[in-house]
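Enquirer: Pasting protein_24.cif here (mmCIF, C-alpha atoms):
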```cif
data_input
#
loop_
_atom_site.label_atom_id
_atom_site.label_comp_id
_atom_site.auth_asym_id
_atom_site.auth_seq_id
_atom_site.Cartn_x
_atom_site.Cartn_y
_atom_site.Cartn_z
CA MET R 1 17.10 2.33 -11.95
CA TRP R 2 14.94 4.06 -9.34
CA PRO R 3 17.10 7.23 -9.07
CA ALA R 4 14.53 8.88 -6.78
CA PHE R 5 14.87 6.07 -4.25
CA GLN R 6 18.66 6.18 -4.45
CA GLN R 7 18.52 9.90 -3.65
CA ALA R 8 16.20 9.17 -0.73
CA LEU R 9 18.60 6.49 0.56
CA THR R 10 21.56 8.88 0.32
CA ARG R 11 19.64 11.56 2.24
CA HIS R 12 18.53 8.98 4.83
CA ARG R 13 22.14 8.04 5.52
CA GLU R 14 23.13 11.71 5.75
CA LEU R 15 20.39 12.26 8.34
CA GLU R 16 21.54 9.29 10.41
CA THR R 17 25.01 10.86 10.59
CA MET R 18 23.62 14.30 11.43
CA LEU R 19 21.35 12.93 14.18
CA GLY R 20 24.43 11.53 15.89
CA ASP R 21 26.17 14.92 15.92
CA PRO R 22 26.29 16.36 19.48
CA ALA R 23 25.72 19.89 18.10
CA VAL R 24 22.48 18.74 16.43
CA ILE R 25 21.36 16.82 19.51
CA ALA R 26 21.80 19.99 21.57
CA ASP R 27 19.57 21.98 19.20
CA ARG R 28 16.13 20.60 20.06
CA ALA R 29 14.26 22.33 17.22
CA ARG R 30 16.73 21.22 14.57
CA TYR R 31 16.98 17.70 15.96
CA THR R 32 13.18 17.34 15.95
CA LYS R 33 12.94 18.56 12.37
CA LEU R 34 15.68 16.19 11.16
CA ALA R 35 14.23 13.28 13.13
CA LYS R 36 10.85 13.79 11.47
CA GLU R 37 12.45 13.86 8.04
CA HIS R 38 14.42 10.72 8.90
CA GLY R 39 11.26 8.92 10.05
CA SER R 40 9.38 9.95 6.93
CA LEU R 41 12.15 8.74 4.64
CA GLN R 42 12.32 5.44 6.51
CA LYS R 43 9.00 4.40 4.96
CA THR R 44 10.48 4.99 1.52
CA VAL R 45 13.97 3.64 2.12
CA LYS R 46 13.07 0.36 3.85
CA PRO R 47 11.32 -1.31 0.86
CA TYR R 48 14.03 0.02 -1.47
CA ILE R 49 16.78 -1.57 0.64
CA GLU R 50 14.82 -4.84 0.63
CA PHE R 51 14.41 -4.57 -3.14
CA LEU R 52 18.16 -4.10 -3.62
CA ALA R 53 18.92 -7.06 -1.36
CA VAL R 54 16.52 -9.37 -3.23
CA SER R 55 17.88 -8.22 -6.59
CA ASP R 56 21.39 -9.01 -5.38
CA GLU R 57 20.28 -12.49 -4.25
CA ILE R 58 18.75 -13.11 -7.68
CA ASN R 59 22.00 -12.18 -9.43
CA GLN R 60 23.98 -14.45 -7.12
CA ALA R 61 21.58 -17.33 -7.67
CA LYS R 62 21.75 -16.92 -11.45
CA GLY R 63 25.53 -17.16 -11.19
CA LEU R 64 25.20 -20.60 -9.57
CA LEU R 65 23.48 -22.01 -12.65
CA ASP R 66 26.70 -22.05 -14.69
CA GLY R 67 28.36 -25.43 -14.33
CA ALA R 68 25.80 -26.75 -11.85
CA ASP R 69 24.44 -30.31 -12.11
CA ASP R 70 20.77 -30.97 -12.83
CA GLU R 71 19.83 -31.34 -9.17
CA MET R 72 21.47 -28.03 -8.24
CA LYS R 73 19.88 -26.28 -11.23
CA ALA R 74 16.44 -27.46 -10.15
CA PHE R 75 17.07 -26.17 -6.62
CA VAL R 76 18.36 -22.80 -7.87
CA ARG R 77 15.42 -22.35 -10.28
CA GLU R 78 12.98 -22.98 -7.44
CA GLU R 79 14.82 -20.43 -5.33
CA LEU R 80 14.77 -17.94 -8.24
CA LYS R 81 11.01 -18.38 -8.52
CA THR R 82 10.56 -17.47 -4.83
CA LEU R 83 12.96 -14.53 -5.08
CA GLY R 84 11.24 -13.33 -8.25
CA GLU R 85 7.88 -13.21 -6.46
CA ARG R 86 9.42 -11.19 -3.62
CA GLU R 87 11.08 -8.82 -6.08
CA SER R 88 7.80 -8.33 -7.95
CA ALA R 89 5.94 -7.53 -4.72
CA LEU R 90 8.60 -5.02 -3.68
CA ARG R 91 8.58 -3.45 -7.14
CA GLY R 92 4.84 -2.92 -6.80
CA ARG R 93 5.36 -1.32 -3.39
CA LEU R 94 7.95 1.07 -4.84
CA GLU R 95 5.61 1.96 -7.70
CA ASP R 96 2.90 2.73 -5.13
CA ILE R 97 5.31 5.06 -3.33
CA LEU R 98 5.95 6.85 -6.64
CA LEU R 99 2.19 7.12 -7.05
CA MET R 100 1.97 8.83 -3.67
CA GLY R 101 4.73 11.20 -4.74
CA GLY R 102 6.30 10.73 -1.33
CA GLU R 103 3.22 12.29 0.27
CA ASP R 104 2.23 10.48 3.44
CA TYR R 105 0.27 12.32 6.12
CA GLY R 106 -1.37 11.10 9.30
CA SER R 107 -4.41 13.34 8.88
CA ILE R 108 -6.05 15.73 6.46
CA ILE R 109 -8.35 18.75 6.57
CA MET R 110 -11.32 18.75 4.21
CA GLU R 111 -13.43 21.80 3.37
CA ILE R 112 -16.78 21.53 1.59
CA ARG R 113 -18.54 24.71 0.48
CA ALA R 114 -21.91 25.15 -1.18
CA GLY R 115 -21.64 26.84 -4.58
CA THR R 116 -24.29 27.84 -7.10
CA GLY R 117 -27.75 26.49 -6.50
CA GLY R 118 -28.88 28.01 -3.21
CA ASP R 119 -30.47 25.52 -0.80
CA GLU R 120 -29.81 22.62 -3.18
CA ALA R 121 -26.08 23.42 -3.14
CA ALA R 122 -26.07 23.28 0.66
CA ILE R 123 -27.89 19.93 0.53
CA LEU R 124 -25.25 18.64 -1.89
CA ALA R 125 -22.51 19.76 0.53
CA GLY R 126 -24.28 17.74 3.22
CA ASP R 127 -24.52 14.71 0.93
CA LEU R 128 -20.79 14.90 0.21
CA PHE R 129 -19.95 15.21 3.90
CA ARG R 130 -22.01 12.11 4.74
CA MET R 131 -20.44 10.22 1.83
CA TYR R 132 -16.90 10.96 3.01
CA THR R 133 -17.82 10.30 6.64
CA GLN R 134 -19.15 6.83 5.88
CA TYR R 135 -16.20 6.00 3.62
CA ALA R 136 -13.80 7.10 6.37
CA ARG R 137 -15.58 5.04 9.03
CA ASP R 138 -15.49 1.97 6.81
CA HIS R 139 -11.70 2.36 6.73
CA GLY R 140 -11.42 2.87 10.47
CA TRP R 141 -10.41 6.53 10.14
CA ARG R 142 -11.36 9.16 12.71
CA ILE R 143 -13.60 12.10 11.75
CA GLU R 144 -13.59 15.39 13.66
CA GLU R 145 -15.82 18.31 12.78
CA ILE R 146 -13.90 21.58 13.10
CA SER R 147 -16.31 24.26 11.88
CA PHE R 148 -19.63 24.35 10.06
CA SER R 149 -22.39 26.65 8.91
CA PRO R 150 -25.73 24.85 8.35
CA GLY R 151 -27.96 25.46 5.33
CA GLU R 152 -31.47 26.80 5.81
CA GLN R 153 -33.09 23.71 4.27
CA GLY R 154 -30.50 21.19 5.41
CA GLY R 155 -26.91 20.40 4.56
CA TYR R 156 -24.17 22.97 4.98
CA LYS R 157 -23.17 26.30 3.53
CA GLU R 158 -19.67 25.27 4.63
CA ILE R 159 -18.21 22.48 6.72
CA ILE R 160 -14.58 21.90 7.69
CA PHE R 161 -13.50 18.61 9.23
CA SER R 162 -10.43 16.43 9.70
CA VAL R 163 -9.88 12.80 8.73
CA ALA R 164 -7.14 10.93 10.60
CA GLY R 165 -5.87 7.49 9.63
CA ASP R 166 -3.38 5.55 7.55
CA ASP R 167 -3.52 6.41 3.81
CA ALA R 168 -6.49 8.77 4.24
CA PHE R 169 -4.79 11.39 2.07
CA GLN R 170 -3.93 8.84 -0.63
CA HIS R 171 -7.57 7.78 -0.89
CA LEU R 172 -9.25 11.18 -0.65
CA LYS R 173 -6.84 13.60 -2.33
CA TYR R 174 -8.60 13.15 -5.70
CA GLU R 175 -11.80 14.67 -4.24
CA SER R 176 -10.53 18.25 -4.49
CA GLY R 177 -12.46 20.24 -7.07
CA GLY R 178 -15.97 21.13 -8.15
CA HIS R 179 -18.80 18.64 -7.63
CA ARG R 180 -22.09 19.07 -9.52
CA VAL R 181 -25.46 17.45 -8.84
CA GLN R 182 -28.41 17.07 -11.20
CA ARG R 183 -31.73 16.11 -9.61
CA VAL R 184 -35.33 17.16 -9.04
CA PRO R 185 -35.60 19.13 -5.77
CA LYS R 186 -38.37 18.20 -3.33
CA THR R 187 -39.84 21.69 -3.77
CA GLU R 188 -40.00 21.34 -7.59
CA THR R 189 -43.67 20.85 -8.56
CA GLN R 190 -43.20 20.34 -12.31
CA GLY R 191 -40.49 17.68 -12.15
CA ARG R 192 -37.72 19.83 -13.63
CA ILE R 193 -34.12 18.81 -13.04
CA HIS R 194 -32.02 21.43 -11.26
CA THR R 195 -28.25 21.70 -11.28
CA SER R 196 -26.28 22.86 -8.23
CA ALA R 197 -22.66 22.69 -7.17
CA ALA R 198 -20.27 22.48 -4.25
CA THR R 199 -16.50 22.64 -3.97
CA VAL R 200 -14.22 20.34 -2.01
CA ALA R 201 -10.66 21.00 -0.85
CA VAL R 202 -8.47 18.22 0.57
CA MET R 203 -5.39 19.47 2.41
CA PRO R 204 -2.73 17.57 4.38
CA GLU R 205 -2.71 18.54 8.04
CA PRO R 206 0.89 19.44 8.94
CA ASP R 207 2.24 19.73 12.44
CA GLU R 208 3.86 22.79 13.97
CA VAL R 209 7.31 21.66 12.81
CA GLN R 210 6.29 21.26 9.16
CA VAL R 211 4.60 24.66 9.09
CA GLU R 212 5.73 27.26 11.60
CA ILE R 213 3.37 30.21 12.03
CA LYS R 214 4.71 32.94 14.28
CA GLU R 215 2.53 35.34 16.22
CA SER R 216 3.96 38.15 14.13
CA ASP R 217 2.56 36.45 10.99
CA ILE R 218 -1.07 36.67 12.10
CA GLU R 219 -3.72 38.98 13.47
CA TRP R 220 -6.69 37.61 15.36
CA GLU R 221 -9.77 38.76 17.22
CA ARG R 222 -12.34 37.25 19.53
CA MET R 223 -16.04 37.73 18.88
CA ARG R 224 -19.46 36.43 19.71
CA ALA R 225 -20.53 33.38 17.74
CA GLY R 226 -23.39 33.84 15.31
CA GLY R 227 -26.19 31.50 14.31
CA ALA R 228 -27.20 28.29 16.06
CA GLY R 229 -25.02 27.11 18.86
CA GLY R 230 -26.84 27.49 22.14
CA GLN R 231 -27.21 30.39 24.55
CA HIS R 232 -23.73 30.08 26.05
CA VAL R 233 -21.99 30.14 22.67
CA ASN R 234 -23.91 33.17 21.51
CA LYS R 235 -23.56 35.23 24.72
CA THR R 236 -19.82 34.86 25.23
CA GLU R 237 -16.96 35.99 23.01
CA SER R 238 -15.77 32.45 22.30
CA ALA R 239 -15.51 32.70 18.50
CA VAL R 240 -12.11 33.37 16.93
CA ARG R 241 -11.09 34.88 13.59
CA ILE R 242 -7.47 34.70 12.40
CA TRP R 243 -5.83 36.49 9.46
CA TYR R 244 -2.57 35.26 7.98
CA LYS R 245 -0.71 37.84 5.87
CA LYS R 246 2.74 36.39 5.25
CA GLY R 247 3.97 34.88 1.98
CA THR R 248 0.63 34.59 0.17
CA PRO R 249 -0.84 36.85 -2.53
CA ASP R 250 -4.10 37.22 -0.60
CA GLU R 251 -4.48 37.14 3.15
CA MET R 252 -5.99 33.93 4.54
CA GLU R 253 -8.86 34.16 6.98
CA VAL R 254 -10.11 31.39 9.26
CA LYS R 255 -13.02 31.58 11.68
CA CYS R 256 -14.05 29.00 14.28
CA GLN R 257 -16.98 29.38 16.63
CA ASP R 258 -18.40 25.93 17.35
CA GLU R 259 -16.60 25.24 20.63
CA ARG R 260 -17.61 26.90 23.90
CA SER R 261 -13.95 27.52 24.71
CA GLN R 262 -12.13 30.36 23.01
CA SER R 263 -8.81 28.49 23.30
CA LYS R 264 -10.29 25.43 21.58
CA ASN R 265 -11.65 27.58 18.78
CA TYR R 266 -8.23 29.23 18.43
CA ASP R 267 -6.49 25.85 18.26
CA ARG R 268 -8.93 24.59 15.64
CA ALA R 269 -8.54 27.74 13.57
CA MET R 270 -4.75 27.38 13.68
CA ARG R 271 -5.03 23.76 12.48
CA VAL R 272 -7.04 24.89 9.47
CA LEU R 273 -4.67 27.80 8.84
CA ARG R 274 -1.58 25.56 8.92
CA SER R 275 -3.22 23.23 6.40
CA ARG R 276 -4.07 26.11 4.07
CA VAL R 277 -0.54 27.52 4.27
CA PHE R 278 0.92 24.06 3.68
CA GLU R 279 -1.39 23.49 0.72
CA TYR R 280 -0.40 26.87 -0.73
CA GLN R 281 3.26 25.89 -0.47
CA ARG R 282 2.55 22.51 -2.10
CA GLU R 283 0.64 24.19 -4.91
CA LYS R 284 3.62 26.47 -5.63
CA LEU R 285 5.80 23.36 -5.93
CA HIS R 286 3.26 21.69 -8.21
CA LYS R 287 3.16 24.72 -10.50
CA ALA R 288 6.94 24.59 -10.73
CA ARG R 289 6.46 21.08 -12.10
CA SER R 290 3.56 22.12 -14.33
CA ALA R 291 4.76 20.23 -17.39
CA GLN R 292 4.24 17.01 -15.48
CA ARG R 293 1.33 18.03 -13.28
CA LYS R 294 -0.95 18.95 -16.20
CA SER R 295 -1.14 15.29 -17.15
CA LEU R 296 -1.98 14.11 -13.64
CA ILE R 297 -5.41 13.95 -12.00
CA GLY R 298 -4.27 14.75 -8.47
CA SER R 299 -3.71 18.46 -9.02
CA GLY R 300 -6.33 19.39 -6.43
CA ASP R 301 -7.56 22.54 -8.19
CA ARG R 302 -10.76 23.54 -6.39
CA SER R 303 -12.00 25.50 -9.43
CA GLU R 304 -11.86 22.45 -11.71
CA ARG R 305 -15.17 20.63 -12.24
CA ILE R 306 -14.32 17.03 -11.51
CA ARG R 307 -17.54 15.09 -11.02
CA THR R 308 -21.28 15.07 -11.72
CA TYR R 309 -23.92 13.20 -9.71
CA ASN R 310 -26.95 12.60 -11.95
CA PHE R 311 -29.78 11.30 -9.77
CA PRO R 312 -32.40 10.61 -12.49
CA GLN R 313 -29.95 8.24 -14.23
CA ASN R 314 -28.35 6.96 -10.99
CA ARG R 315 -25.02 7.91 -12.58
CA VAL R 316 -21.77 9.33 -11.25
CA THR R 317 -19.31 10.66 -13.84
CA ASP R 318 -15.73 11.68 -13.17
CA HIS R 319 -14.80 14.13 -15.93
CA ARG R 320 -11.04 13.88 -15.44
CA ILE R 321 -10.92 10.29 -16.64
CA ASN R 322 -14.25 10.24 -18.52
CA GLU R 323 -15.53 7.31 -16.45
CA SER R 324 -19.11 6.69 -15.25
CA TRP R 325 -20.62 4.39 -12.62
CA TYR R 326 -24.34 3.60 -12.63
CA LYS R 327 -24.74 3.15 -8.89
CA LEU R 328 -25.00 6.69 -7.58
CA ASP R 329 -27.17 5.57 -4.65
CA ALA R 330 -24.42 3.26 -3.37
CA ILE R 331 -21.63 5.77 -3.96
CA VAL R 332 -23.28 8.65 -2.10
CA ALA R 333 -23.96 6.20 0.73
CA GLY R 334 -20.19 5.91 1.12
CA ASN R 335 -19.38 2.93 -1.10
CA MET R 336 -16.74 4.86 -3.02
CA ALA R 337 -14.21 2.06 -3.49
CA ASP R 338 -14.74 1.66 -7.24
CA VAL R 339 -14.35 5.39 -7.84
CA VAL R 340 -11.29 5.80 -5.62
CA ASP R 341 -9.57 2.65 -6.89
CA THR R 342 -10.09 3.67 -10.53
CA LEU R 343 -8.65 7.14 -9.90
CA ARG R 344 -5.67 5.73 -8.02
CA ALA R 345 -4.92 3.23 -10.78
CA HIS R 346 -5.22 5.91 -13.47
CA ASP R 347 -2.94 8.28 -11.55
CA LYS R 348 -0.40 5.52 -10.93
CA LYS R 349 -0.27 4.66 -14.63
CA GLU R 350 0.23 8.29 -15.65
CA ARG R 351 2.89 8.94 -13.01
CA LEU R 352 4.91 5.91 -14.04
CA GLU R 353 4.62 6.75 -17.75
CA SER R 354 5.78 10.30 -17.05
CA GLY R 355 8.72 9.13 -14.92
CA GLY R 356 7.17 9.92 -11.58
CA SER R 357 9.59 10.90 -8.86
CA LEU R 358 9.76 11.55 -5.17
CA PRO R 359 9.96 15.16 -3.99
CA SER R 360 13.45 16.35 -3.15
CA THR R 361 14.29 16.77 0.51
CA ASN R 362 15.54 20.04 1.92
CA GLY R 363 19.06 20.21 3.21
CA ALA R 364 19.70 21.25 6.77
#
```
Is it possible to express this structure as structure tokens?

Expert:
Amino acid sequence: MWPAFQQALTRHRELETMLGDPAVIADRARYTKLAKEHGSLQKTVKPYIEFLAVSDEINQAKGLLDGADDEMKAFVREELKTLGERESALRGRLEDILLMGGEDYGSIIMEIRAGTGGDEAAILAGDLFRMYTQYARDHGWRIEEISFSPGEQGGYKEIIFSVAGDDAFQHLKYESGGHRVQRVPKTETQGRIHTSAATVAVMPEPDEVQVEIKESDIEWERMRAGGAGGQHVNKTESAVRIWYKKGTPDEMEVKCQDERSQSKNYDRAMRVLRSRVFEYQREKLHKARSAQRKSLIGSGDRSERIRTYNFPQNRVTDHRINESWYKLDAIVAGNMADVVDTLRAHDKKERLESGGSLPSTNGA
């Protein structure tokens, strides 16, 4: 039972041995990489070890029932009840880890881009940003705007921001995809409903150890920032554009211009670039597991239409699970718990039915 956790435990023990090797200790880069893997596996291995210990206690207690007197049997059965509750709780924790697929990140990068619909699409992008911001604040997560381009009538043509906090990725990863809104614009004089769209991408934010980008892998240039931003921003070459050309079918381009400091813009652009490279690598892995991934809702395909916000009917519909909630006003205000919890429960059920597993670890 739980072969994925047994593999994780075996790897965890291997890492403990390797981290005690003087040759590894002397190699700072390798030691840091292995230590991070060890720390990440610890979150998986600890509840599994506890589960094994409780299961062993249950088996031992059951063995005491044979030949025991009535008083001892009553004591053992009470102990089995307590142990059974602990085992059930640990089993649920292990199932949750399978749901996460071993993915646990301290922060994420989110990108929201206006799609079809002109000004209304930019307004939708702004609505989505405020929705996620409020949801994040309610959970005590930290929001940091990285780059944005405002819409002419409000909202954003594009906004990139980070969300840092425990389980942020597990709650928000289902938001990747196409979002569509149906409502009557303020400028519409005949009351006709318009449809516009925006896309959302949710990407784990890796550190420099998880994704190494060498100077030889990129080209970059400094430039003057365009658009709003104040006289200083526009008159100095503080904006930065970076191209990444290694290991991807199309070069990746990131531009940041919202900080006065060129170095800060460069650092922000590199954060976004690392997340995009990491997400590309994850997507390659997911495609390799396509037989399983096609049945799961957390694929994160930005081109997939995932949700419609129908304002006249106060309805939000998630097309992946064919579920609707008639409280759009509350949801767009950030009260997303019902939507997120339903998606998480659905994904958990599908992962367990399909024999969900933890990702394999790389040898060193």

Enquirer: Please, what distance in Å, to one decimal, runs between atom CA of Lys33 of chain R and atom CA of Asp217 of chain R?

Expert: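 Atom-to-atom, atom CA of Lys33 of chain R to atom CA of Asp217 of chain R, that is 20.7 Å.
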
Enquirer: Name the residues that the PyMOL selection byres ((chain R and resi 172-183) around 6) pulls out of this structure, and write them as a list in words.

Expert: Phe169, Gln170, His171, Val184, Ile193, His194, Thr195, Ser196, Ala197, Ala198, Thr199, Val200, Ala201, Val202, Gly298, Gly300, Asp301, Arg302, Ser303, Glu304, Arg305, Ile306, Arg307, Thr308, Tyr309, Asn310 and Phe311 of chain R

Enquirer: Interatomic distance between atom CA of Arg137 of chain R and atom CA of Val332 of chain R?

Expert: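 Separating atom CA of Arg137 of chain R from atom CA of Val332 of chain R is a distance of 14.0 Å.
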
Enquirer: Which residues, named as in the file, does the PyMOL selection byres ((chain R and resi 57) around 12) pick out? Answer as a PyMOL selection string.

Expert: chain R and resi 50-56+58-64+76+79-84+86-87

Enquirer: Would you compute the distance between atom CA of Pro204 of chain R and atom CA of Arg268 of chain R? Give it in Å to one decimal.

Expert: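 Separating atom CA of Pro204 of chain R from atom CA of Arg268 of chain R is a distance of 14.6 Å.
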
Enquirer: Kindly indicate which residue among R:Asn335, R:Ser88, R:Thr17, R:Ser149 lies nearest to Arg113 of chain R, using all atoms listed in the file for the distances.

Expert: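 Looking only at the distances to Arg113 of chain R, the closest residue turns out to be R:Ser149.
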
Enquirer: Check what the PyMOL selection byres ((chain R and resi 321) around 9) selects in the file above and give those residues as a list in words.

Expert: Ile297, Thr317, Asp318, His319, Arg320, Asn322, Glu323, Leu343 and His346 of chain R

Enquirer: Around (-5.2, 12.9, 3.8) in the file's frame, which residues reach within 12 Å when counting all atoms listed in the file? Return as a PyMOL selection string?

Expert: chain R and resi 100+103-110+132+136+141-143+161-176+201-206+275+279
